[in-house]
$ cat input-v2.txt   # compact mmCIF, C-alpha atoms
# COMPACT_ATOMS: atom_id res chain seq x y z
CA MET A 1 0.00 0.00 0.00
CA VAL A 2 2.77 2.48 0.92
CA SER A 3 6.39 2.80 -0.18
CA PHE A 4 8.51 4.66 2.36
CA VAL A 5 11.57 6.20 0.70
CA ILE A 6 14.21 7.05 3.30
CA THR A 7 17.19 9.10 2.10
CA TYR A 8 20.39 8.79 4.11
CA HIS A 9 23.71 10.61 4.04
CA ASP A 10 26.16 10.51 6.97
CA GLN A 11 23.55 10.86 9.68
CA PRO A 12 24.20 9.11 13.02
CA ILE A 13 23.28 5.42 12.85
CA GLU A 14 20.86 5.74 15.76
CA PHE A 15 18.86 8.30 13.75
CA ILE A 16 18.36 6.07 10.71
CA CYS A 17 17.47 3.15 13.00
CA GLU A 18 14.85 5.28 14.80
CA CYS A 19 13.50 6.29 11.41
CA ILE A 20 13.13 2.71 10.16
CA GLU A 21 11.64 1.52 13.44
CA SER A 22 9.02 4.29 13.34
CA VAL A 23 7.81 2.79 10.04
CA LEU A 24 7.97 -0.80 11.28
CA ALA A 25 5.83 0.18 14.29
CA LEU A 26 2.90 1.13 12.05
CA SER A 27 -0.10 -1.17 11.59
CA LEU A 28 1.03 -2.21 8.13
CA SER A 29 1.86 -5.80 7.36
CA ARG A 30 5.02 -6.61 5.42
CA SER A 31 2.90 -7.04 2.27
CA GLU A 32 1.36 -3.58 2.79
CA ARG A 33 4.60 -1.65 3.21
CA GLU A 34 7.87 -1.20 1.39
CA ILE A 35 10.85 0.49 3.04
CA ILE A 36 13.53 1.72 0.64
CA VAL A 37 16.72 3.18 2.14
CA VAL A 38 18.78 5.12 -0.40
CA ASP A 39 22.30 5.78 0.89
CA ASP A 40 23.59 8.80 -0.99
CA GLY A 41 27.28 7.85 -0.88
CA SER A 42 27.87 8.22 2.85
CA ALA A 43 31.45 8.20 4.08
CA TYR A 44 30.47 5.37 6.42
CA CYS A 45 28.37 2.59 4.90
CA PRO A 46 25.58 1.68 7.37
CA MET A 47 24.71 -1.61 5.69
CA ASN A 48 26.08 -3.80 8.49
CA ASP A 49 24.17 -1.76 11.07
CA LEU A 50 20.94 -2.25 9.10
CA MET A 51 21.31 -6.01 8.67
CA LYS A 52 19.12 -6.54 11.75
CA TYR A 53 16.11 -5.35 9.73
CA GLY A 54 16.61 -8.20 7.28
CA ASN A 55 13.95 -8.43 4.58
CA ASP A 56 11.97 -5.54 6.05
CA ILE A 57 14.04 -3.03 4.10
CA LYS A 58 15.60 -2.60 0.69
CA TYR A 59 18.99 -0.91 0.86
CA LEU A 60 20.63 0.82 -2.07
CA ARG A 61 23.99 2.58 -1.97
CA LYS A 62 24.81 5.09 -4.71
CA PRO A 63 27.57 7.62 -5.43
CA ASN A 64 26.97 10.93 -3.68
CA GLY A 65 24.75 13.14 -5.83
CA GLY A 66 22.54 14.97 -3.34
CA VAL A 67 19.12 14.34 -1.86
CA SER A 68 17.33 15.10 -5.14
CA SER A 69 19.06 12.29 -7.01
CA ALA A 70 18.55 9.93 -4.04
CA ARG A 71 14.82 10.67 -3.95
CA ASN A 72 14.51 10.22 -7.71
CA ILE A 73 16.04 6.75 -7.47
CA GLY A 74 13.82 5.81 -4.53
CA MET A 75 10.77 7.13 -6.35
CA LYS A 76 11.61 5.05 -9.41
CA MET A 77 12.10 1.92 -7.29
CA ALA A 78 8.88 2.35 -5.31
CA ALA A 79 6.18 -0.22 -6.03
CA GLY A 80 3.55 1.00 -3.57
CA GLU A 81 0.28 2.70 -4.46
CA TYR A 82 1.22 5.58 -2.14
CA LEU A 83 4.58 7.19 -1.53
CA GLN A 84 6.02 8.73 1.63
CA PHE A 85 9.42 10.43 1.73
CA ILE A 86 11.35 10.52 5.01
CA ASP A 87 14.74 12.06 5.71
CA GLY A 88 17.05 9.59 7.44
CA ASP A 89 17.42 11.72 10.57
CA ASP A 90 13.66 12.17 11.03
CA LYS A 91 10.85 9.78 11.94
CA LEU A 92 7.10 9.24 11.82
CA ILE A 93 4.92 9.75 14.90
CA TYR A 94 2.80 6.67 15.47
CA ALA A 95 -0.74 7.74 16.41
CA PRO A 96 -1.09 10.76 14.09
CA TYR A 97 0.42 8.87 11.16
CA GLU A 98 -2.01 6.01 11.77
CA HIS A 99 -4.74 8.60 11.26
CA CYS A 100 -3.22 9.40 7.86
CA LEU A 101 -3.12 5.70 6.98
CA ASP A 102 -6.79 5.37 7.92
CA ILE A 103 -7.61 8.16 5.50
CA ILE A 104 -6.08 6.30 2.56
CA ARG A 105 -7.53 2.98 3.75
CA PHE A 106 -11.12 4.20 3.72
CA ASN A 107 -11.10 6.93 1.08
CA ASP A 108 -10.09 7.16 -2.56
CA THR A 109 -7.78 10.16 -2.32
CA ASP A 110 -4.72 11.31 -4.21
CA MET A 111 -3.02 12.93 -1.24
CA VAL A 112 -3.03 13.43 2.52
CA ILE A 113 -1.43 16.60 3.89
CA PHE A 114 -0.38 16.48 7.54
CA ASP A 115 1.64 18.55 9.99
CA PHE A 116 5.11 18.16 11.51
CA THR A 117 6.84 19.06 14.74
CA LYS A 118 10.36 19.80 15.90
CA LYS A 119 9.62 18.46 19.38
CA GLN A 120 10.55 14.90 20.26
CA GLU A 121 7.48 14.27 22.44
CA ALA A 122 4.66 16.09 20.68
CA THR A 123 0.95 15.63 21.02
CA SER A 124 -1.69 17.02 18.72
CA LYS A 125 -5.45 17.27 18.47
CA ARG A 126 -7.17 15.97 15.40
CA HIS A 127 -10.22 17.09 13.55
CA GLU A 128 -11.94 15.60 10.55
CA PRO A 129 -9.98 16.53 7.44
CA ASP A 130 -11.42 18.60 4.67
CA VAL A 131 -12.50 16.35 1.81
CA HIS A 132 -12.79 16.62 -1.96
CA ILE A 133 -10.53 19.63 -2.32
CA ASN A 134 -8.37 19.57 -5.41
CA GLY A 135 -4.78 20.71 -5.26
CA THR A 136 -5.30 23.80 -7.39
CA GLU A 137 -8.11 25.09 -5.17
CA TYR A 138 -6.07 24.35 -2.06
CA MET A 139 -3.11 26.35 -3.39
CA HIS A 140 -5.41 29.23 -4.29
CA ASN A 141 -6.46 29.65 -0.66
CA ASN A 142 -3.58 28.39 1.48
CA ASN A 143 0.10 28.86 2.13
CA ILE A 144 1.36 25.37 1.41
CA LYS A 145 4.04 23.42 3.24
CA GLY A 146 7.20 23.19 1.18
CA ALA A 147 8.60 20.03 2.76
CA VAL A 148 7.72 16.97 0.67
CA TRP A 149 7.63 14.73 3.74
CA CYS A 150 4.37 16.44 4.84
CA TYR A 151 2.59 14.67 1.98
CA LEU A 152 1.43 11.07 1.62
CA PHE A 153 0.45 10.77 -2.03
CA LYS A 154 -0.40 8.37 -4.82
CA LYS A 155 2.56 7.49 -6.97
CA SER A 156 0.33 7.60 -10.05
CA ILE A 157 -0.06 11.39 -9.88
CA ILE A 158 3.69 12.01 -10.21
CA GLY A 159 3.82 11.50 -13.95
CA SER A 160 7.16 12.77 -15.26
CA LEU A 161 7.78 15.02 -12.25
CA THR A 162 11.20 14.59 -10.60
CA PHE A 163 13.48 16.44 -8.21
CA THR A 164 16.13 18.57 -9.93
CA PRO A 165 19.64 17.17 -9.27
CA GLY A 166 22.13 19.72 -7.99
CA ILE A 167 19.55 21.71 -6.02
CA GLU A 168 20.67 21.31 -2.40
CA TYR A 169 18.43 23.97 -0.88
CA GLY A 170 14.75 24.22 -1.80
CA GLU A 171 14.42 21.05 -3.87
CA ASP A 172 11.15 20.38 -2.03
CA GLU A 173 9.84 23.85 -2.87
CA GLU A 174 10.19 23.09 -6.56
CA PHE A 175 8.56 19.66 -6.34
CA THR A 176 5.62 20.03 -3.94
CA PRO A 177 3.60 22.80 -5.64
CA GLN A 178 3.78 20.95 -8.96
CA LEU A 179 2.74 17.74 -7.18
CA LEU A 180 -0.25 19.49 -5.59
CA LEU A 181 -1.45 20.72 -8.97
CA ARG A 182 -1.64 17.06 -10.06
CA ALA A 183 -3.89 16.05 -7.14
CA GLU A 184 -7.60 15.90 -8.03
CA ASN A 185 -8.67 15.43 -4.41
CA ILE A 186 -6.80 15.80 -1.16
CA TYR A 187 -7.44 15.37 2.54
CA LYS A 188 -5.97 17.99 4.85
CA THR A 189 -5.49 17.06 8.51
CA ASN A 190 -3.78 18.83 11.39
CA ALA A 191 -2.39 15.52 12.67
CA THR A 192 1.23 16.12 13.69
CA ALA A 193 2.56 12.96 12.09
CA TYR A 194 6.21 13.75 11.33
CA PHE A 195 9.15 14.56 13.61
CA TYR A 196 11.66 16.89 11.95
CA ARG A 197 14.96 16.63 13.80
CA GLN A 198 17.06 19.77 13.98
CA HIS A 199 20.74 19.22 14.69
CA SER A 200 24.10 20.81 13.93
CA GLU A 201 24.72 18.68 10.82
CA SER A 202 21.44 19.62 9.11
CA VAL A 203 21.85 21.29 5.73
CA LEU A 204 19.98 24.42 6.79
CA ASN A 205 22.24 24.85 9.83
CA LYS A 206 25.39 25.33 7.77
CA SER A 207 26.69 28.81 8.57
CA ASP A 208 29.65 29.34 6.21
CA ILE A 209 29.33 31.99 3.51
CA ARG A 210 29.69 29.45 0.68
CA SER A 211 26.64 27.54 1.98
CA HIS A 212 24.70 30.79 2.34
CA LEU A 213 25.44 31.80 -1.24
CA LYS A 214 24.57 28.31 -2.49
CA ARG A 215 21.25 28.51 -0.66
CA ILE A 216 20.45 31.91 -2.20
CA ASP A 217 21.42 30.69 -5.67
CA ASP A 218 19.41 27.46 -5.38
CA ASN A 219 16.33 29.30 -4.12
CA LEU A 220 16.43 31.67 -7.08
CA LYS A 221 16.74 28.76 -9.54
CA VAL A 222 13.62 27.19 -8.01
CA ILE A 223 11.65 30.44 -8.21
CA LEU A 224 12.60 31.06 -11.84
CA HIS A 225 11.76 27.49 -12.81
CA LEU A 226 8.33 27.64 -11.14
CA LYS A 227 7.65 30.99 -12.79
CA ASN A 228 8.39 29.46 -16.19
CA VAL A 229 6.15 26.49 -15.38
CA SER A 230 3.30 28.83 -14.34
CA ASN A 231 3.51 30.56 -17.73
CA GLU A 232 2.78 27.25 -19.46
CA LEU A 233 -0.19 26.24 -17.29
CA PRO A 234 -3.90 26.91 -17.92
CA GLY A 235 -5.74 29.67 -16.01
CA LYS A 236 -6.47 28.44 -12.47
CA ASP A 237 -3.35 26.29 -12.22
CA SER A 238 -1.22 29.21 -13.38
CA ILE A 239 -2.76 31.60 -10.84
CA ALA A 240 -2.29 29.05 -8.03
CA LEU A 241 1.37 28.56 -8.87
CA GLN A 242 1.94 32.30 -9.24
CA ARG A 243 0.83 32.70 -5.64
CA ARG A 244 3.47 30.22 -4.56
CA VAL A 245 6.12 31.96 -6.69
CA ALA A 246 5.30 35.29 -4.99
CA GLN A 247 5.57 33.72 -1.52
CA LEU A 248 8.88 32.06 -2.37
CA THR A 249 10.17 35.37 -3.72
CA MET A 250 9.23 37.03 -0.43
CA ASP A 251 11.14 34.30 1.43
CA TYR A 252 14.08 34.73 -0.96
CA ILE A 253 14.34 38.45 -0.21
CA TYR A 254 14.02 37.79 3.53
CA ASN A 255 16.73 35.10 3.49
CA THR A 256 19.06 37.22 1.34
CA ILE A 257 18.84 39.99 3.94
CA ILE A 258 19.33 37.60 6.87
CA LEU A 259 22.16 35.55 5.35
CA THR A 260 24.26 38.30 3.73
CA ARG A 261 23.47 41.58 5.57
CA SER A 262 25.01 43.33 2.56
CA LYS A 263 22.95 46.18 1.14
CA SER A 264 24.86 46.22 -2.15
CA PHE A 265 24.37 42.46 -2.62
CA ILE A 266 20.69 42.72 -1.68
CA MET A 267 20.09 45.58 -4.12
CA LYS A 268 21.82 43.60 -6.86
CA LYS A 269 19.50 40.65 -6.26
CA LEU A 270 16.42 42.88 -6.17
CA HIS A 271 17.44 44.33 -9.52
CA LEU A 272 17.78 40.80 -10.91
CA LEU A 273 14.31 39.92 -9.59
CA SER A 274 12.97 43.07 -11.23
CA THR A 275 14.37 42.08 -14.63
CA LYS A 276 12.58 38.73 -14.27
CA GLY A 277 9.25 40.36 -13.42
CA LEU A 278 9.35 39.18 -9.80
CA PHE A 279 9.90 42.49 -7.99
CA PRO A 280 8.16 44.53 -6.69
CA LEU A 281 6.07 41.75 -5.22
CA PRO A 282 2.57 41.45 -6.75
CA ASP A 283 -0.13 43.46 -4.98
CA LYS A 284 -2.14 40.48 -3.71
CA ASN A 285 -4.01 39.72 -0.51
CA TYR A 286 -2.20 36.45 0.15
CA SER A 287 -1.59 36.91 3.89
CA SER A 288 -1.03 39.69 6.42
CA LYS A 289 2.67 38.84 6.54
CA TYR A 290 2.91 39.02 2.76
CA LYS A 291 1.08 42.36 2.56
CA TRP A 292 3.28 43.84 5.30
CA PHE A 293 6.50 42.62 3.70
CA ARG A 294 5.43 43.85 0.26
CA ARG A 295 4.76 47.34 1.60
CA MET A 296 8.12 47.48 3.37
CA THR A 297 10.12 46.31 0.35
CA ASN A 298 8.20 48.63 -1.95
CA SER A 299 9.76 51.77 -0.43
CA SER A 300 13.41 52.69 0.01
CA ILE A 301 12.80 53.65 3.65
CA GLY A 302 11.04 50.38 4.43
CA LEU A 303 13.72 48.36 2.67
CA ASN A 304 16.49 50.11 4.62
CA ILE A 305 14.66 49.34 7.86
CA LEU A 306 14.40 45.66 6.92
CA ILE A 307 18.09 45.46 5.98
CA LYS A 308 19.11 46.92 9.32
CA ALA A 309 16.50 45.35 11.57
CA LEU A 310 15.93 41.79 10.29
CA PRO A 311 19.44 40.47 11.05
CA LEU A 312 19.17 41.89 14.59
CA VAL A 313 15.76 40.33 15.15
CA LYS A 314 17.00 36.98 13.82
CA LYS A 315 20.08 37.13 16.04
CA GLU A 316 17.95 37.93 19.09
CA LYS A 317 15.69 34.94 18.43
$ encode --input "input-v2.txt" --output "structure tokens"
Amino acid sequence: MVSFVITYHDQPIEFICECIESVLALSLSRSEREIIVVDDGSAYCPMNDLMKYGNDIKYLRKPNGGVSSARNIGMKMAAGEYLQFIDGDDKLIYAPYEHCLDIIRFNDTDMVIFDFTKKQEATSKRHEPDVHINGTEYMHNNNIKGAVWCYLFKKSIIGSLTFTPGIEYGEDEEFTPQLLLRAENIYKTNATAYFYRQHSESVLNKSDIRSHLKRIDDNLKVILHLKNVSNELPGKDSIALQRRVAQLTMDYIYNTIILTRSKSFIMKKLHLLSTKGLFPLPDKNYSSKYKWFRRMTNSSIGLNILIKALPLVKKEK
């Protein structure tokens, strides 16, 4: 019923074991689940440490090529009706994820969207999910989650969609909105079913300038690609994706300010966005945060305040 694709690269062995065991704990028989571990060329091969799981997992080791290439391979291998991505240092939370499994057991749905937590021992309340919402309509009215592991979805809706190799930061942001547009009906639940582990070795915690510049460059590539895709889509799909492009552009400007703190660099990037038709941000009523940020970046005074204040606020937090 479900293929769980776990991508692994140099995480502590205890993390990947916790991850696998969180899947094995679910109420899925061996014939109902498939666990694929894709080792993206780790310096230390964990195969011997994973032998204890025997036939419960499929292990593939490949040359290092990044999480996008690892996910593409796992996606191609997957034989399940539904697909769930998990990062090797994260894990599923039993009771809320069982709720997600019940949704696909008793309903013909393309996708279940659920929540995540950064807390090890998290509890969450559940309510009945919204039903019969298509992905386009959902994107029209909601700020979507970028992380692909917040989605349990039918493999059949993927089509030719893949992750772009070489994108280290934001590969999910490129994939998930296009995936949502392929979903004819989705269930949205507030079940907190995924534990996202933050630790010093996480990609987003890298603090050197080279990593910061790579992140900024990757994010811009994703935005430009999605903008090009939106231009090729029919009316409602195009409008839905344009909303996501505008939100990602807002995040891009915010992160450029936070990560570089260089006014000249920031102004250079804003000029580039302007030449691509992405700045100033569109005058849309997407969210209060979006409207506030658009107004601030739309004036030289507001922009100067953001450049000076945002890094201080971020540092204080």
$ residues_around --input "input-v2.txt" --residues "Asn48 in chain A" --least-positions-apart "6" --cutoff "12 Å" --atoms "only C-alpha atoms" --output "PyMOL selection string"
chain A and resi 13+17+54+59
$ write_last_selection --input "input-v2.txt" --atoms "C-alpha atoms" --output "tab-separated table (two decimals), in the frame of the given file"
chain	number	residue	atom	x	y	z
A	13	ILE	CA	23.28	5.42	12.85
A	17	CYS	CA	17.47	3.15	13.00
A	54	GLY	CA	16.61	-8.20	7.28
A	59	TYR	CA	18.99	-0.91	0.86
$ closest_atom_pairs --input "input-v2.txt" --of "range 51-92 of chain A" --to "range 38-47 of chain A" --cutoff "9 Å" --atoms "all atoms listed in the file" --output "CSV"
residue,atom,partner,partner_atom,distance
A:Met51,CA,A:Met47,CA,6.3
A:Lys58,CA,A:Val38,CA,8.4
A:Tyr59,CA,A:Val38,CA,6.2
A:Leu60,CA,A:Val38,CA,5.0
A:Arg61,CA,A:Asp39,CA,4.6
A:Lys62,CA,A:Gly41,CA,5.3
A:Pro63,CA,A:Gly41,CA,4.6
A:Asn64,CA,A:Gly41,CA,4.2
A:Gly65,CA,A:Asp40,CA,6.6
A:Gly66,CA,A:Asp40,CA,6.7
A:Val67,CA,A:Asp40,CA,7.2
A:Ser69,CA,A:Asp40,CA,8.3
A:Ala70,CA,A:Asp40,CA,6.0
A:Arg71,CA,A:Val38,CA,7.7
A:Ile73,CA,A:Val38,CA,7.8
A:Gly74,CA,A:Val38,CA,6.5
$ closest_residue --input "input-v2.txt" --among "A:Val37, A:Ala246, A:Val313, A:Ile158" --to "Tyr286 in chain A" --atoms "all atoms listed in the file"
A:Ala246
$ residues_near_point --input "input-v2.txt" --point "(10.7, 18.9, -1.3)" --cutoff "6 Å" --atoms "only C-alpha atoms" --output "list of chain:residue names"
A:Ala147, A:Val148, A:Glu171, A:Asp172, A:Glu173, A:Phe175, A:Thr176
$ residues_around --input "input-v2.txt" --residues "Lys227 in chain A" --least-positions-apart "5" --cutoff "9 Å" --atoms "only C-alpha atoms" --output "mmCIF file with C-alpha atoms, in the frame of the given file"
data_model
loop_
_atom_site.group_PDB
_atom_site.id
_atom_site.type_symbol
_atom_site.label_atom_id
_atom_site.label_comp_id
_atom_site.auth_asym_id
_atom_site.auth_seq_id
_atom_site.Cartn_x
_atom_site.Cartn_y
_atom_site.Cartn_z
ATOM 1 C CA VAL A 222 13.620 27.190 -8.010
ATOM 2 C CA LEU A 241 1.370 28.560 -8.870
ATOM 3 C CA GLN A 242 1.940 32.300 -9.240
ATOM 4 C CA VAL A 245 6.120 31.960 -6.690
ATOM 5 C CA LEU A 278 9.350 39.180 -9.800
#
$ atom_distance --input "input-v2.txt" --atom1 "CA of Gln178 in chain A" --atom2 "CA of Ile133 in chain A"
15.8 Å
$ atom_distance --input "input-v2.txt" --atom1 "CA of Asn285 in chain A" --atom2 "CA of Lys236 in chain A"
16.6 Å
$ atom_distance --input "input-v2.txt" --atom1 "CA of Phe195 in chain A" --atom2 "CA of Thr162 in chain A"
24.3 Å
$ closest_residue --input "input-v2.txt" --among "A:Ile223, A:Leu312, A:Leu213, A:Leu50" --to "Leu273 in chain A" --atoms "only C-alpha atoms"
A:Ile223
$ residues_near_point --input "input-v2.txt" --point "(9.6, 0.8, 1.0)" --cutoff "9 Å" --atoms "only C-alpha atoms" --output "ChimeraX atom specification"
/A:2-6,33-37,56-58,74,77-80,83-84
$ write_last_selection --input "input-v2.txt" --atoms "C-alpha atoms" --output "short mmCIF file (atom, residue, chain, number, x, y, z; two decimals), in the coordinates of the input"
data_model
loop_
_atom_site.label_atom_id
_atom_site.label_comp_id
_atom_site.auth_asym_id
_atom_site.auth_seq_id
_atom_site.Cartn_x
_atom_site.Cartn_y
_atom_site.Cartn_z
CA VAL A 2 2.77 2.48 0.92
CA SER A 3 6.39 2.80 -0.18
CA PHE A 4 8.51 4.66 2.36
CA VAL A 5 11.57 6.20 0.70
CA ILE A 6 14.21 7.05 3.30
CA ARG A 33 4.60 -1.65 3.21
CA GLU A 34 7.87 -1.20 1.39
CA ILE A 35 10.85 0.49 3.04
CA ILE A 36 13.53 1.72 0.64
CA VAL A 37 16.72 3.18 2.14
CA ASP A 56 11.97 -5.54 6.05
CA ILE A 57 14.04 -3.03 4.10
CA LYS A 58 15.60 -2.60 0.69
CA GLY A 74 13.82 5.81 -4.53
CA MET A 77 12.10 1.92 -7.29
CA ALA A 78 8.88 2.35 -5.31
CA ALA A 79 6.18 -0.22 -6.03
CA GLY A 80 3.55 1.00 -3.57
CA LEU A 83 4.58 7.19 -1.53
CA GLN A 84 6.02 8.73 1.63
#
$ closest_residue --input "input-v2.txt" --among "A:Ile307, A:Ala25, A:Leu152, A:Ile103" --to "Tyr82 in chain A" --atoms "only C-alpha atoms"
A:Leu152
$ closest_residue --input "input-v2.txt" --among "A:His271, A:Arg197, A:His212, A:Lys145" --to "Leu179 in chain A" --atoms "all atoms listed in the file"
A:Lys145
$ residues_around --input "input-v2.txt" --residues "Asp108 in chain A" --least-positions-apart "5" --cutoff "12 Å" --atoms "all atoms listed in the file" --output "ChimeraX atom specification"
/A:81-82,101-103,131-132,153-154,183-187
$ closest_residue --input "input-v2.txt" --among "A:Thr297, A:Met75, A:Leu224, A:Thr109" --to "Gly159 in chain A" --atoms "only C-alpha atoms"
A:Met75
$ residues_around --input "input-v2.txt" --residues "Arg182 in chain A" --least-positions-apart "5" --cutoff "9 Å" --atoms "only C-alpha atoms" --output "number ranges by chain"
A: 110, 134-136, 157-159, 177
$ residues_around --input "input-v2.txt" --residues "Ile239 in chain A" --least-positions-apart "5" --cutoff "9 Å" --atoms "only C-alpha atoms" --output "number ranges by chain"
A: 136, 140, 230, 233-234, 244
$ closest_residue --input "input-v2.txt" --among "A:Leu270, A:Ile257, A:Ile20, A:Met250" --to "Arg294 in chain A" --atoms "only C-alpha atoms"
A:Met250
